[in-house]
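Structure data follow from entry03.cif (mmCIF, C-alpha atoms):
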```
data_data
loop_
_atom_site.group_PDB
_atom_site.id
_atom_site.type_symbol
_atom_site.label_atom_id
_atom_site.label_comp_id
_atom_site.auth_asym_id
_atom_site.auth_seq_id
_atom_site.Cartn_x
_atom_site.Cartn_y
_atom_site.Cartn_z
ATOM 1 C CA MET A 1302 19.616 -4.050 18.843
ATOM 2 C CA SER A 1303 22.626 -5.059 16.796
ATOM 3 C CA ALA A 1304 22.462 -4.776 13.028
ATOM 4 C CA VAL A 1305 22.144 -7.899 10.932
ATOM 5 C CA ALA A 1306 24.528 -8.558 8.069
ATOM 6 C CA LYS A 1307 21.838 -8.696 5.382
ATOM 7 C CA PRO A 1308 18.777 -6.487 4.947
ATOM 8 C CA LEU A 1309 15.374 -7.761 5.862
ATOM 9 C CA HIS A 1310 13.092 -8.879 3.063
ATOM 10 C CA ILE A 1311 9.604 -7.494 3.567
ATOM 11 C CA THR A 1312 6.638 -8.218 1.330
ATOM 12 C CA VAL A 1313 3.763 -5.766 1.724
ATOM 13 C CA VAL A 1314 0.387 -6.948 0.468
ATOM 14 C CA SER A 1315 -1.545 -3.761 -0.112
ATOM 15 C CA ASP A 1316 -4.041 -1.723 -2.094
ATOM 16 C CA VAL A 1317 -3.147 1.800 -3.195
ATOM 17 C CA VAL A 1318 -6.487 3.112 -1.864
ATOM 18 C CA CYS A 1319 -6.210 1.425 1.531
ATOM 19 C CA PRO A 1320 -5.765 4.164 4.161
ATOM 20 C CA TRP A 1321 -4.348 1.735 6.720
ATOM 21 C CA CYS A 1322 -1.706 0.729 4.154
ATOM 22 C CA TYR A 1323 -0.658 4.391 4.012
ATOM 23 C CA ILE A 1324 -0.415 4.467 7.799
ATOM 24 C CA GLY A 1325 1.220 1.036 7.918
ATOM 25 C CA GLN A 1326 3.971 2.121 5.536
ATOM 26 C CA GLU A 1327 4.798 5.069 7.785
ATOM 27 C CA ARG A 1328 4.849 2.906 10.917
ATOM 28 C CA LEU A 1329 7.093 0.358 9.200
ATOM 29 C CA ASN A 1330 9.449 3.153 8.129
ATOM 30 C CA LYS A 1331 9.599 4.417 11.717
ATOM 31 C CA ALA A 1332 10.340 0.912 12.997
ATOM 32 C CA LEU A 1333 13.178 0.459 10.517
ATOM 33 C CA LYS A 1334 14.626 3.849 11.425
ATOM 34 C CA GLN A 1335 14.396 3.205 15.162
ATOM 35 C CA SER A 1336 15.957 -0.246 14.859
ATOM 36 C CA GLY A 1337 18.707 0.851 12.489
ATOM 37 C CA LEU A 1338 17.871 -1.944 10.059
ATOM 38 C CA LYS A 1339 17.698 -1.895 6.282
ATOM 39 C CA ALA A 1340 14.970 -3.646 4.332
ATOM 40 C CA GLU A 1341 14.255 -4.680 0.777
ATOM 41 C CA ILE A 1342 10.535 -3.999 0.418
ATOM 42 C CA ASN A 1343 8.392 -5.641 -2.246
ATOM 43 C CA TRP A 1344 4.811 -4.423 -2.689
ATOM 44 C CA LYS A 1345 2.210 -6.919 -3.885
ATOM 45 C CA PRO A 1346 -1.248 -6.016 -5.238
ATOM 46 C CA TYR A 1347 -4.443 -6.832 -3.406
ATOM 47 C CA GLN A 1348 -7.658 -5.207 -4.580
ATOM 48 C CA LEU A 1349 -10.039 -4.300 -1.787
ATOM 49 C CA ASN A 1350 -12.803 -3.866 -4.329
ATOM 50 C CA PRO A 1351 -12.001 -6.105 -7.324
ATOM 51 C CA ASN A 1352 -15.479 -5.702 -8.832
ATOM 52 C CA MET A 1353 -15.370 -1.908 -8.788
ATOM 53 C CA PRO A 1354 -16.396 -0.467 -12.181
ATOM 54 C CA ASN A 1355 -13.854 1.635 -14.049
ATOM 55 C CA GLU A 1356 -15.761 4.824 -13.253
ATOM 56 C CA GLY A 1357 -15.441 4.165 -9.517
ATOM 57 C CA ALA A 1358 -18.034 4.894 -6.826
ATOM 58 C CA ASP A 1359 -18.944 7.647 -4.389
ATOM 59 C CA LYS A 1360 -16.654 7.198 -1.390
ATOM 60 C CA TYR A 1361 -19.195 7.706 1.380
ATOM 61 C CA LYS A 1362 -22.089 5.823 -0.183
ATOM 62 C CA PHE A 1363 -19.860 2.903 -1.112
ATOM 63 C CA LEU A 1364 -18.402 2.538 2.384
ATOM 64 C CA GLU A 1365 -21.819 2.811 3.986
ATOM 65 C CA SER A 1366 -23.220 0.081 1.715
ATOM 66 C CA LYS A 1367 -20.189 -2.164 2.197
ATOM 67 C CA ILE A 1368 -19.458 -1.750 5.886
ATOM 68 C CA GLY A 1369 -22.395 0.128 7.377
ATOM 69 C CA GLY A 1370 -22.360 3.218 9.543
ATOM 70 C CA SER A 1371 -21.331 6.709 8.541
ATOM 71 C CA GLY A 1372 -18.753 6.945 5.755
ATOM 72 C CA LYS A 1373 -17.708 10.383 6.973
ATOM 73 C CA GLU A 1374 -17.099 9.094 10.491
ATOM 74 C CA MET A 1375 -15.052 6.173 9.170
ATOM 75 C CA PHE A 1376 -12.848 8.490 7.135
ATOM 76 C CA LYS A 1377 -12.519 10.890 10.080
ATOM 77 C CA ARG A 1378 -11.150 8.108 12.313
ATOM 78 C CA VAL A 1379 -8.587 7.159 9.694
ATOM 79 C CA GLU A 1380 -7.706 10.799 9.043
ATOM 80 C CA ASP A 1381 -7.012 11.320 12.756
ATOM 81 C CA ALA A 1382 -4.771 8.216 12.825
ATOM 82 C CA ALA A 1383 -2.868 9.378 9.741
ATOM 83 C CA ASN A 1384 -2.402 12.893 11.079
ATOM 84 C CA ALA A 1385 -1.079 11.425 14.348
ATOM 85 C CA GLU A 1386 1.691 9.776 12.300
ATOM 86 C CA GLY A 1387 2.517 13.079 10.614
ATOM 87 C CA LEU A 1388 0.925 12.074 7.295
ATOM 88 C CA GLU A 1389 -1.016 14.353 4.990
ATOM 89 C CA PHE A 1390 -4.614 13.157 4.790
ATOM 90 C CA ASN A 1391 -7.741 15.038 3.782
ATOM 91 C CA ALA A 1392 -10.864 12.917 3.457
ATOM 92 C CA GLU A 1393 -12.766 15.725 1.755
ATOM 93 C CA ASN A 1394 -10.193 15.751 -1.067
ATOM 94 C CA ILE A 1395 -10.662 12.069 -1.925
ATOM 95 C CA ALA A 1396 -12.298 11.927 -5.334
ATOM 96 C CA ASN A 1397 -14.010 8.513 -5.179
ATOM 97 C CA ILE A 1398 -13.348 4.809 -4.664
ATOM 98 C CA PRO A 1399 -11.605 3.666 -7.879
ATOM 99 C CA ASN A 1400 -10.832 0.359 -9.500
ATOM 100 C CA THR A 1401 -7.092 -0.073 -8.809
ATOM 101 C CA VAL A 1402 -5.898 -2.490 -11.491
ATOM 102 C CA GLU A 1403 -4.154 0.206 -13.533
ATOM 103 C CA SER A 1404 -2.552 1.774 -10.472
ATOM 104 C CA HIS A 1405 -1.197 -1.619 -9.431
ATOM 105 C CA ARG A 1406 0.217 -2.084 -12.913
ATOM 106 C CA VAL A 1407 2.166 1.154 -12.430
ATOM 107 C CA MET A 1408 3.429 -0.252 -9.136
ATOM 108 C CA HIS A 1409 4.707 -3.252 -11.088
ATOM 109 C CA LEU A 1410 6.568 -0.955 -13.490
ATOM 110 C CA ALA A 1411 8.003 0.909 -10.502
ATOM 111 C CA LYS A 1412 9.336 -2.394 -9.178
ATOM 112 C CA GLU A 1413 11.151 -2.954 -12.468
ATOM 113 C CA LYS A 1414 12.761 0.477 -12.030
ATOM 114 C CA GLY A 1415 13.645 -0.075 -8.367
ATOM 115 C CA ILE A 1416 11.401 2.663 -6.960
ATOM 116 C CA GLN A 1417 8.385 0.690 -5.764
ATOM 117 C CA ASN A 1418 8.495 1.928 -2.167
ATOM 118 C CA GLU A 1419 8.601 5.534 -3.337
ATOM 119 C CA MET A 1420 5.749 4.861 -5.752
ATOM 120 C CA ALA A 1421 3.569 3.382 -3.016
ATOM 121 C CA HIS A 1422 3.949 6.596 -1.029
ATOM 122 C CA ALA A 1423 3.254 8.654 -4.157
ATOM 123 C CA PHE A 1424 -0.051 6.830 -4.697
ATOM 124 C CA PHE A 1425 -1.073 7.138 -1.061
ATOM 125 C CA LYS A 1426 -0.323 10.866 -0.980
ATOM 126 C CA ALA A 1427 -1.983 11.484 -4.344
ATOM 127 C CA TYR A 1428 -5.158 9.739 -3.314
ATOM 128 C CA PHE A 1429 -5.516 10.572 0.366
ATOM 129 C CA ALA A 1430 -4.010 14.071 0.469
ATOM 130 C CA ASP A 1431 -4.049 15.610 -2.993
ATOM 131 C CA GLY A 1432 -7.409 14.386 -4.268
ATOM 132 C CA ILE A 1433 -6.051 12.845 -7.477
ATOM 133 C CA ASP A 1434 -8.766 10.921 -9.340
ATOM 134 C CA LEU A 1435 -7.327 7.432 -9.914
ATOM 135 C CA THR A 1436 -10.223 6.449 -12.162
ATOM 136 C CA MET A 1437 -8.634 8.721 -14.774
ATOM 137 C CA THR A 1438 -5.552 7.732 -16.756
ATOM 138 C CA ASN A 1439 -4.122 11.240 -16.466
ATOM 139 C CA GLY A 1440 -4.415 11.030 -12.672
ATOM 140 C CA ILE A 1441 -2.534 7.722 -12.624
ATOM 141 C CA VAL A 1442 0.130 9.060 -14.989
ATOM 142 C CA GLU A 1443 0.557 12.246 -12.931
ATOM 143 C CA THR A 1444 1.023 10.153 -9.801
ATOM 144 C CA ALA A 1445 3.502 7.852 -11.538
ATOM 145 C CA VAL A 1446 5.597 10.795 -12.687
ATOM 146 C CA ASN A 1447 5.553 12.301 -9.193
ATOM 147 C CA GLY A 1448 6.780 8.924 -7.931
ATOM 148 C CA GLY A 1449 9.777 8.983 -10.253
ATOM 149 C CA LEU A 1450 8.744 7.296 -13.509
ATOM 150 C CA ASP A 1451 9.063 8.668 -17.031
ATOM 151 C CA LYS A 1452 5.745 9.947 -18.396
ATOM 152 C CA GLU A 1453 6.032 8.436 -21.860
ATOM 153 C CA ALA A 1454 7.139 5.095 -20.443
ATOM 154 C CA VAL A 1455 4.112 5.020 -18.136
ATOM 155 C CA ILE A 1456 1.689 5.854 -20.942
ATOM 156 C CA ALA A 1457 3.165 3.121 -23.146
ATOM 157 C CA TYR A 1458 3.018 0.623 -20.289
ATOM 158 C CA LEU A 1459 -0.629 1.375 -19.566
ATOM 159 C CA GLU A 1460 -1.500 1.041 -23.252
ATOM 160 C CA SER A 1461 -0.086 -2.502 -23.160
ATOM 161 C CA GLU A 1462 -1.399 -5.446 -21.163
ATOM 162 C CA LYS A 1463 1.793 -5.862 -19.141
ATOM 163 C CA ALA A 1464 1.357 -7.087 -15.545
ATOM 164 C CA THR A 1465 -2.444 -7.242 -15.850
ATOM 165 C CA ASN A 1466 -2.589 -10.980 -15.163
ATOM 166 C CA GLU A 1467 -0.217 -10.627 -12.219
ATOM 167 C CA VAL A 1468 -2.439 -7.989 -10.633
ATOM 168 C CA LEU A 1469 -5.628 -9.955 -11.191
ATOM 169 C CA SER A 1470 -4.207 -13.197 -9.782
ATOM 170 C CA SER A 1471 -2.346 -11.742 -6.799
ATOM 171 C CA GLU A 1472 -5.334 -11.432 -4.476
ATOM 172 C CA GLN A 1473 -6.262 -15.112 -4.670
ATOM 173 C CA GLN A 1474 -2.623 -16.090 -4.279
ATOM 174 C CA TYR A 1475 -2.321 -14.239 -0.987
ATOM 175 C CA LYS A 1476 -5.728 -15.317 0.276
ATOM 176 C CA THR A 1477 -4.556 -18.892 -0.217
ATOM 177 C CA ALA A 1478 -1.419 -18.018 1.772
ATOM 178 C CA GLY A 1479 -3.541 -16.831 4.702
ATOM 179 C CA VAL A 1480 -3.796 -13.103 4.038
ATOM 180 C CA SER A 1481 -7.229 -11.876 5.100
ATOM 181 C CA ALA A 1482 -6.633 -8.129 5.415
ATOM 182 C CA VAL A 1483 -4.406 -5.366 4.153
ATOM 183 C CA PRO A 1484 -1.870 -4.211 4.846
ATOM 184 C CA THR A 1485 -0.144 -7.510 5.503
ATOM 185 C CA PHE A 1486 3.615 -7.537 6.056
ATOM 186 C CA ILE A 1487 5.565 -10.767 5.519
ATOM 187 C CA ILE A 1488 9.059 -10.475 6.968
ATOM 188 C CA ASN A 1489 11.782 -12.779 5.638
ATOM 189 C CA GLY A 1490 9.061 -15.090 4.342
ATOM 190 C CA LYS A 1491 8.383 -16.260 7.913
ATOM 191 C CA HIS A 1492 6.752 -13.665 10.130
ATOM 192 C CA MET A 1493 3.352 -12.247 9.101
ATOM 193 C CA ILE A 1494 1.945 -9.029 10.553
ATOM 194 C CA GLN A 1495 -1.573 -8.089 9.510
ATOM 195 C CA GLY A 1496 -2.840 -4.538 9.871
ATOM 196 C CA ALA A 1497 -1.172 -1.174 10.452
ATOM 197 C CA GLN A 1498 0.508 -2.223 13.669
ATOM 198 C CA SER A 1499 2.660 -0.005 15.854
ATOM 199 C CA PRO A 1500 6.381 0.495 15.214
ATOM 200 C CA GLU A 1501 7.001 -1.490 18.413
ATOM 201 C CA THR A 1502 5.216 -4.511 16.935
ATOM 202 C CA PHE A 1503 7.505 -4.428 13.919
ATOM 203 C CA ILE A 1504 10.600 -3.981 16.084
ATOM 204 C CA ASN A 1505 9.608 -6.993 18.207
ATOM 205 C CA ALA A 1506 9.317 -9.051 15.031
ATOM 206 C CA PHE A 1507 12.729 -7.857 13.843
ATOM 207 C CA GLN A 1508 14.234 -8.853 17.196
ATOM 208 C CA GLN A 1509 12.699 -12.321 17.067
ATOM 209 C CA LEU A 1510 14.016 -12.910 13.570
ATOM 210 C CA GLU A 1511 17.471 -11.663 14.560
ATOM 211 C CA ILE A 1512 17.591 -14.005 17.558
ATOM 212 C CA LYS A 1513 16.653 -16.910 15.325
ATOM 213 C CA SER A 1514 19.247 -15.950 12.741
ATOM 214 C CA ASN A 1515 21.886 -15.961 15.495
ATOM 215 C CA GLY A 1516 20.904 -19.508 16.417
ATOM 216 C CA SER A 1517 19.723 -18.680 19.928
ATOM 217 C CA LEU A 1518 16.262 -20.150 19.426
#
```
As structure tokens:
Amino acid sequence: MSAVAKPLHITVVSDVVCPWCYIGQERLNKALKQSGLKAEINWKPYQLNPNMPNEGADKYKFLESKIGGSGKEMFKRVEDAANAEGLEFNAENIANIPNTVESHRVMHLAKEKGIQNEMAHAFFKAYFADGIDLTMTNGIVETAVNGGLDKEAVIAYLESEKATNEVLSSEQQYKTAGVSAVPTFIINGKHMIQGAQSPETFINAFQQLEIKSNGSL
């Protein structure tokens, strides 16, 4: 596939504690590498559990009450999928299911600094592999620093109210736009892919958009 003159613009609607978003990021990265394309990636907040209390909830009990079935079995299926992509994932390390408003605010700061894609991976790895407790400010700050932000800047940002309204309003905005699951990938504002689809699915979308940009369709 020939390269396009300009990079793709990809919006990723995601939650930092969504395991399929972790897997979806890796599959998108593989698709971009295989296709030889560059992309400007913009992560947008979507809380899977917007009513989660600040202290979070037990991961297995919460999933069982929300979805039904065995929480351990659900995590094991996701862990197997993540490991198949070469990602670090240890369900036993996961501390709890947190409220993610503050983590999304850090993602907003990372966007201002131009490292949002790196920060998304830092949150995924911290939560799903390293067992960082994202209900705790020090866990969020540690993750932010590992993702490339300055510690004091992160602390000051979290002590403010910056980006809080943006995080809280984002979910309804994307639901109105037709997003019903995360991750959702919106490519060049035209092509929407919902779920952690295969690299081939992304590459097919890139090819369709390239054909259109060349005026063949």
Inset, instruction - Please write the residues picked by the PyMOL selection byres ((chain A and resi 1498-1502) around 12) on this file as a count of residues only. - result: 35
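With all atoms listed in the file as the atoms that count, the residue of A:Ala1383, A:Ile1487, A:Leu1510, A:Ile1441 with the shortest distance to A:His1310 is A:Ile1487.
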Edge lengths and centre in Å, axis-aligned, stretch 1422-1435 of chain A plus 8 Å each side, as JSON:
```
{"center_x": -2.4, "center_y": 11.1, "center_z": -4.7, "size_x": 28.7, "size_y": 25.0, "size_z": 26.4}
```
Legend entry - Explicit residues for the PyMOL selection byres ((chain A and resi 1421-1438) around 8) (as a PyMOL selection string): chain A and resi 1317-1318+1320+1323+1326+1344+1355-1357+1389-1392+1394-1397+1399-1401+1404+1408+1417-1420+1439-1442+1444-1445+1447-1448
Legend entry - Two-atom distance - atom CA of A:Lys1360, atom CA of A:Lys1373 (Å):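 Computed distance, atom CA of A:Lys1360 to atom CA of A:Lys1373, equals 9.0 Å.
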Legend entry - Point-to-point distance in Å for atom CA of A:Asn1350 and atom CA of A:Phe1363: 10.3 Å
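For the pair atom CA of A:Gly1449 and atom CA of A:Ile1398, the separation is 24.2 Å.
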Inset, instruction - Determine, counting all atoms listed in the file, every residue of protein, DNA or RNA that lies within 10 Å of (2.3, -6.7, -5.1) in the file coordinates, then give the result as a PyMOL selection string. - result: chain A and resi 1312-1316+1343-1347+1405-1406+1408-1409+1412+1417+1467-1468+1471-1472+1475
Store the residues of this selection in a file with C-alpha atoms, as a JSON list (two decimals), keeping the file's coordinate frame.
```json
[["chain", "number", "residue", "atom", "x", "y", "z"],
["A", 1312, "THR", "CA", 6.64, -8.22, 1.33],
["A", 1313, "VAL", "CA", 3.76, -5.77, 1.72],
["A", 1314, "VAL", "CA", 0.39, -6.95, 0.47],
["A", 1315, "SER", "CA", -1.54, -3.76, -0.11],
["A", 1316, "ASP", "CA", -4.04, -1.72, -2.09],
["A", 1343, "ASN", "CA", 8.39, -5.64, -2.25],
["A", 1344, "TRP", "CA", 4.81, -4.42, -2.69],
["A", 1345, "LYS", "CA", 2.21, -6.92, -3.88],
["A", 1346, "PRO", "CA", -1.25, -6.02, -5.24],
["A", 1347, "TYR", "CA", -4.44, -6.83, -3.41],
["A", 1405, "HIS", "CA", -1.20, -1.62, -9.43],
["A", 1406, "ARG", "CA", 0.22, -2.08, -12.91],
["A", 1408, "MET", "CA", 3.43, -0.25, -9.14],
["A", 1409, "HIS", "CA", 4.71, -3.25, -11.09],
["A", 1412, "LYS", "CA", 9.34, -2.39, -9.18],
["A", 1417, "GLN", "CA", 8.38, 0.69, -5.76],
["A", 1467, "GLU", "CA", -0.22, -10.63, -12.22],
["A", 1468, "VAL", "CA", -2.44, -7.99, -10.63],
["A", 1471, "SER", "CA", -2.35, -11.74, -6.80],
["A", 1472, "GLU", "CA", -5.33, -11.43, -4.48],
["A", 1475, "TYR", "CA", -2.32, -14.24, -0.99]]
```
Legend entry - Exercise: A:Leu1410 partners within 9 Å, only C-alpha atoms, chain neighbours under 6 positions left out, as a PyMOL selection string: chain A and resi 1416-1417+1450+1455+1458+1463-1464
Inset, instruction - May I ask which of the residues A:Val1402, A:Ser1461, A:Gly1387, A:Asn1466 is the closest one to A:Met1353, counting only C-alpha atoms? - result: A:Val1402
